[in-house]
Every structure is written in structure tokens, then in C-alpha cells.
Amino acid sequence: MANYPHLYLKSGRFYARFRIPRHLSLRMNQQELRWTLCTSDLKVARKHLLIATVLIHELFERIDMQTSHEPLTDREKIWLKNRIEEIKLEKMAEFRALIRQGQSGITRAEALLTSEQGDIDAFQSAIDSDHYDAMAVKGPASQLIPVVDRLAYDFSALNQNYNFVAKAFCSAMVVHHRNKQAALKDASLREAPGPSIQVVQSDITQPEAAPQSAHASAKISEVIEAYIGEQQAKGCQDKTAIEYRSVLRRFQEFKDDCPIDKVTRSDVRAYRDALAKYPARPSTAQRKMSFQQLTASAAAQPLNVASVNKHLTRLSQLFKWAERNGHNIKGDTAEDHQLKDKRRERDLRNRFSQEDINTIFSTPLYQGQKPFQRAAQYWAPLLGLYAGMRIEEVCQLRVCDVRIDHDSNIAIIDINDEDDDRKLKPGDNTPRQLPVHSKLIELGLMDYANDLRAKKHRMLFPTLNRHPKNGWSHAVTKWFSEYKKALGLPLTKVFHSFRHTVDDILKQSETEEAIINGVMGHTGKNSISIQRYGKDYLPKILAPRIEKIQFDMPAKPFRSCEVSQAEKSALQSPRAAAKIRQRRLEVRAGVAVGPDQE
């Protein structure tokens, strides 16, 4: 974007992009720093960019001052931005608490707004004049410096960074004050006649929706968007937000997007019964049909009980949030409608047998007779089988995550989420370091990683793109689903069955539950000594347990198998890999490409 060189749009979300100074890029092992701005709105992104600009430049200064072995963590990078968001949420929660107290709360809120007016006028004046020295605006300095005491040396009014933070802070406070005025006016009309409050007009983009009043009769779609917006502000992942919106919009369509105060418990029961007829995997033609058309007759393979209950759970969460935020609906409207799932949890997905392993790894692909389109297609099932890793954990690995542990001299796989574009399933013990199984070393995993390291690759599978909804594993998940289907494996055996296989093997070998949890990345029900105070198991402790995973493996080593010519060139050059990733993004977006491109 010409007017904002540090701002760019990708997959509908805005990011900040800054080139790292050359003398620092060697220490940070990258040339460019990208930072999600957590919004798809341009005006909001411009505001977030101000905060990001300050923090990123401070990061560069901090790294320049520190020694090379002390890089900043991702937690430090986003600490300031998160703290500002926390302050805004705390103030809004305080105001909503006053609203719930009725007229007495409104009176107290009016007094609070009156006492704030002087500061708000000063903030607005500073915005209008673009003047933010310490005499003009005391609020940002007095409130931000204690919050970020480690940055205090760099937060004087004489420093140009102060202007960025002060402007963003002033803008947020003015809009926040205006939102409270609007909500207070609605509450006054609802509770009792009271003094009218003039709403301050401003051209600043409103960062969060004002609380809806009960008489507003907001539509279901409006409540859904407000709810998801708040979840994203609290750090909800993009994938989760997309899933929430998809699930909740089915109820919106079922009720023809009526006002939310018209929804009753009988509506939820009817919706539950309709979901029992909804197809689990709608075809391309079915996706164009309405909810009513899809549920007019029972599908050949409808949603299972667990999926129906998940829809009801999401709906219940929405209604509870709506009630807390002033909408005229009872939070328990969707409670107690769940269906009873009679299936045992252990039967929902089956483990792989030795016969299944022979079927999966004896194909022409794994015998070197047919080329893999991606190296990840070779390694992902093997890492799932011999390390019990989730498919997303496999596909988002960096080259530096597969290395020799200097303390124990053991080859390890470091499963972590140290980058902003990598996510792990929530859980206290999900990040972990697993020893590499001897079979993986025999098949060439360490040689493969070392070759990529020598070529300066960052990612272990450099031709994978990150899907906005399904993450790094999107392409491999789709491939494995089609691959196992062609092999005739049952629907109950999926990629996640590799984890069930590892878990069952460790259980049958009488491995301690705490160690199984350490391997699988589960918190488990350990004692407080293990769960809170104990550290992760060391690789040398886990290594003999990992070696208990034994199969007759028919697959040939990676060096004996074939990959496509495009993949072969990509593994030799980060630049070639980047071109392939870009071509695939263009294909996904429907951009015409040449006949030699994938």
C-alpha cells in the first residue's frame, strides 16, 4: 500500500512488515519482521500499526544493545500491545458492572464521565493539533511508563517514539469515552429519566462495538460479529474465529437472522433436531443450498452426535455473552439440549495395526517408484507414527527444531510455537522436546534437516503455505485423506490415529502415565509437584520410551525415494521454494498461471 509501506494485506488480515537492519539480521537469522495486526479493517490496522512501529523499533534497539545469545522472546515482543488491550478491556468491564447496578450505577457512571472530561478534552486537543509533549498530554506518560518500566529509558517526551504511543493512546481513550457515553445514554433511557449526555463526535475509527442495549433488538448476525470481534481482541486464533463464525451462521440461517430477543428454547430444540439431518461432508453442489434445503431429508452421512453437541455448545456460549452484554436473551436458552453420545471415546478413532502400516508404507511412493509432490508427504506420516506428533505440529516445524541437543548429545525434535505464525493446541505441556526415534534417523531425517540447514532454509518443509483456516497442514491433511481412502482404510482411521497408535503402544508397555503425557503433549492429571513445579522430561529420559515404538517398516529411506522436479529444486534453494509457494497461492486465488506451474 503506497501510503503505508509497512502495512500489507494477506488472506484478508493486515500485517506490519519491517526490514531488519543488516547488522541485526544475522543475529536474528531473518531479514524481515512480520507482525499480525489482528484486524481486517484498514482504519483499525493503521492505528495498530502505530503501536507496532514503536515496539518493533524498540526491539531493534534492545537487540542491538544486548548480546547475540539473548534474543527477545515472542512474549516480550507483544507484551506492550497486549497490556494496552488489557487496560481497555478492564475499563469496559468496570463500566458494564456499573450499568448492571441500575439507576444508582448510572448516577455513579455519570459522575465518572464528568470527572474524565478534562483529560478527554486534552486528548482530543492533542489529536487535533498533533502535539504530544509532556505538558500537553500527561495521561499517556503517567499511565504507560509504569506499565512498561523496562522501556522507561526510551519513553521520554523528547523521543520520537513517544509520539506514536501517545497518539494511539489518546485516540483509544477518546473513542472509549465516547462509547461509554453512548452506552450510558441507552442505559439512562432504559432505567429512568436522567440527564442527557452529549456524545462527543470524532472521526476516529471505533475500535470495539459499544455494548448493545436490550431494546435495540439486534439481529443474530450482528451479535455473532460483535461476539467474535471480542474473542479476537482477547487473542482468539484466526482458525478458531472462522470455525465459530461458520457454526453460528448455521443457526442464523435457520432462524432467518431474526432479532436475538425472539429466540426461544423451543427454537434451539428444533435446531438440534435439524442438525441431526445436516450432512457431515456437504458436496460442492450442497454448499450452495440453504440450511432448510439441506435438512429437508436425512443425509446419507449426517453430523455425528459430538458435532451436533459442539454446535449447541457454541450457541450457548454466544447467548451467555449476549446476556452479559445487555441483549434481551437468557444465557441458558441453549443449555440442556445436548444429545447423549453412547460411543466410547476410545472407539471414535482407531489405532493402526501392523497390517495398516504395511499398507500405508508399501506403496510405489514409499518404494521409490513414484515421486512425492512434497517432501512433507513422505515425512508427516512417519513423524506421526514414531513421535506421536499432531499433523500441524509436523508441518510447521523449522529446520532449527530438528537438531542435536548439546546437553545430552541426543537428536531431538523441538515442538514449540515461538513464532507468531505457528500455533500449538492449548495445553501446559504441549511444547516439548522429543528424542528422534532411531528408525527416523535410519530413514534419513537428520540428513534431510542438515541438508536444508546448509541451504539456509527456515522451514523443514519449505514449499508448504500457511492456510488462513487450516494452518500449515492444510495441503498434507488433504493429501493424506485422499491417500488413505485410495488404500481402502476405514473412515475411523485418520492421521490422528498415529497418535492413538503411539499412546496405545506406550500404555501396553506399562509406561508411566506422566511420561506418556510428556510424549503426547498432554497436561494430564498429574500431581501439583509434576504439573506446576516439575520441568519437562529431558530427552534422555524419554529416549528409551520412544524406542518402544517398534514396527516392521517397509518404507525405503528418503534418499531412495523420489520427489517431483519442482520439489527437488525447492529443496536446493530458498528462493525457488518461495516461487513455488507463491505460484500455489496464485492457483488458490484463481490467478492464471503457466502450463509448467502447479
# chains A, B, ... in the order shown; residues from 1 in each chain; ligands from 1
$ select_by_dssp --residues "segment 300-377 of chain A" --states "helix (DSSP H, G or I)" --output "PyMOL selection string"
chain A and resi 305-324+345-347+354-361+375-377
$ write_last_selection --atoms "C-alpha atoms" --output "compact mmCIF listing (two decimals), in the first residue's frame"
# COMPACT_ATOMS: atom_id res chain seq x y z
CA VAL A 305 -23.65 -36.62 18.00
CA ALA A 306 -20.38 -34.95 19.02
CA SER A 307 -20.65 -32.42 16.16
CA VAL A 308 -24.27 -31.60 16.97
CA ASN A 309 -23.35 -31.03 20.61
CA LYS A 310 -20.44 -28.81 19.55
CA HIS A 311 -22.86 -26.60 17.60
CA LEU A 312 -25.09 -26.33 20.68
CA THR A 313 -22.13 -25.52 22.91
CA ARG A 314 -21.03 -22.67 20.62
CA LEU A 315 -24.61 -21.38 20.58
CA SER A 316 -24.78 -21.49 24.37
CA GLN A 317 -21.53 -19.50 24.63
CA LEU A 318 -22.99 -16.88 22.28
CA PHE A 319 -26.21 -16.49 24.29
CA LYS A 320 -24.35 -16.19 27.61
CA TRP A 321 -22.12 -13.49 26.13
CA ALA A 322 -25.18 -11.69 24.69
CA GLU A 323 -26.90 -11.65 28.08
CA ARG A 324 -23.79 -10.26 29.79
CA GLU A 345 -14.14 -42.17 23.34
CA ARG A 346 -11.51 -44.80 22.59
CA ASP A 347 -13.67 -46.12 19.73
CA GLN A 354 1.00 -53.68 11.60
CA GLU A 355 -1.13 -54.62 8.60
CA ASP A 356 -2.17 -50.98 8.20
CA ILE A 357 1.47 -49.88 8.45
CA ASN A 358 2.38 -52.32 5.68
CA THR A 359 -0.47 -50.95 3.54
CA ILE A 360 0.49 -47.29 4.06
CA PHE A 361 4.25 -47.61 3.58
CA ALA A 375 8.71 -33.85 0.96
CA ALA A 376 6.17 -33.38 3.75
CA GLN A 377 4.08 -36.20 2.27
$ select_by_dssp --residues "segment 385-597 of chain A" --states "strand (DSSP E or B)" --output "VMD selection string"
chain A and resid 398 402 to 405 410 to 415 432 to 435 459 467 471 563
$ write_last_selection --atoms "N, CA, C and O atoms" --output "tab-separated table (two decimals), in the first residue's frame"
chain	number	residue	atom	x	y	z
A	398	ARG	N	10.39	-25.94	12.02
A	398	ARG	CA	11.51	-25.24	11.39
A	398	ARG	C	12.71	-26.17	11.33
A	398	ARG	O	12.78	-27.18	12.05
A	402	VAL	N	14.89	-29.43	14.47
A	402	VAL	CA	15.42	-30.80	14.37
A	402	VAL	C	16.94	-30.69	14.47
A	402	VAL	O	17.61	-30.26	13.53
A	403	ARG	N	17.47	-31.07	15.63
A	403	ARG	CA	18.89	-30.78	15.90
A	403	ARG	C	19.42	-31.75	16.96
A	403	ARG	O	18.68	-32.56	17.51
A	404	ILE	N	20.68	-31.60	17.26
A	404	ILE	CA	21.33	-32.37	18.32
A	404	ILE	C	21.27	-31.56	19.60
A	404	ILE	O	21.68	-30.38	19.63
A	405	ASP	N	20.77	-32.15	20.67
A	405	ASP	CA	20.75	-31.49	21.98
A	405	ASP	C	22.15	-31.53	22.57
A	405	ASP	O	22.72	-32.61	22.79
A	410	ILE	N	21.79	-35.98	22.13
A	410	ILE	CA	20.71	-36.78	21.55
A	410	ILE	C	20.02	-35.95	20.48
A	410	ILE	O	19.78	-34.76	20.67
A	411	ALA	N	19.69	-36.58	19.36
A	411	ALA	CA	18.92	-35.89	18.32
A	411	ALA	C	17.50	-35.67	18.83
A	411	ALA	O	16.86	-36.59	19.34
A	412	ILE	N	17.01	-34.44	18.69
A	412	ILE	CA	15.69	-34.10	19.23
A	412	ILE	C	14.84	-33.38	18.20
A	412	ILE	O	15.35	-32.83	17.22
A	413	ILE	N	13.52	-33.39	18.44
A	413	ILE	CA	12.56	-32.57	17.71
A	413	ILE	C	11.96	-31.60	18.71
A	413	ILE	O	11.32	-32.03	19.67
A	414	ASP	N	12.20	-30.32	18.53
A	414	ASP	CA	11.72	-29.28	19.45
A	414	ASP	C	10.36	-28.80	18.96
A	414	ASP	O	10.26	-28.07	17.97
A	415	ILE	N	9.31	-29.19	19.66
A	415	ILE	CA	7.94	-28.82	19.29
A	415	ILE	C	7.56	-27.57	20.07
A	415	ILE	O	7.40	-27.63	21.30
A	432	ARG	N	7.29	-29.25	23.76
A	432	ARG	CA	8.09	-30.32	24.33
A	432	ARG	C	9.25	-30.64	23.39
A	432	ARG	O	9.21	-30.30	22.21
A	433	GLN	N	10.25	-31.31	23.93
A	433	GLN	CA	11.39	-31.76	23.15
A	433	GLN	C	11.40	-33.29	23.16
A	433	GLN	O	11.56	-33.91	24.21
A	434	LEU	N	11.23	-33.88	21.97
A	434	LEU	CA	11.16	-35.33	21.86
A	434	LEU	C	12.45	-35.87	21.24
A	434	LEU	O	12.96	-35.30	20.26
A	435	PRO	N	12.98	-36.94	21.78
A	435	PRO	CA	14.14	-37.58	21.11
A	435	PRO	C	13.71	-38.17	19.78
A	435	PRO	O	12.59	-38.67	19.63
A	459	MET	N	12.12	-23.29	7.08
A	459	MET	CA	11.12	-24.29	7.40
A	459	MET	C	11.59	-25.68	6.98
A	459	MET	O	12.28	-25.84	5.96
A	467	HIS	N	-2.29	-21.99	5.46
A	467	HIS	CA	-3.69	-21.73	5.11
A	467	HIS	C	-4.33	-20.86	6.19
A	467	HIS	O	-4.08	-21.07	7.38
A	471	GLY	N	-4.13	-23.78	8.73
A	471	GLY	CA	-2.73	-23.74	9.12
A	471	GLY	C	-1.79	-24.35	8.09
A	471	GLY	O	-2.11	-24.52	6.92
A	563	VAL	N	11.07	-37.33	-5.39
A	563	VAL	CA	10.19	-36.17	-5.23
A	563	VAL	C	10.08	-35.50	-6.60
A	563	VAL	O	10.93	-35.70	-7.48
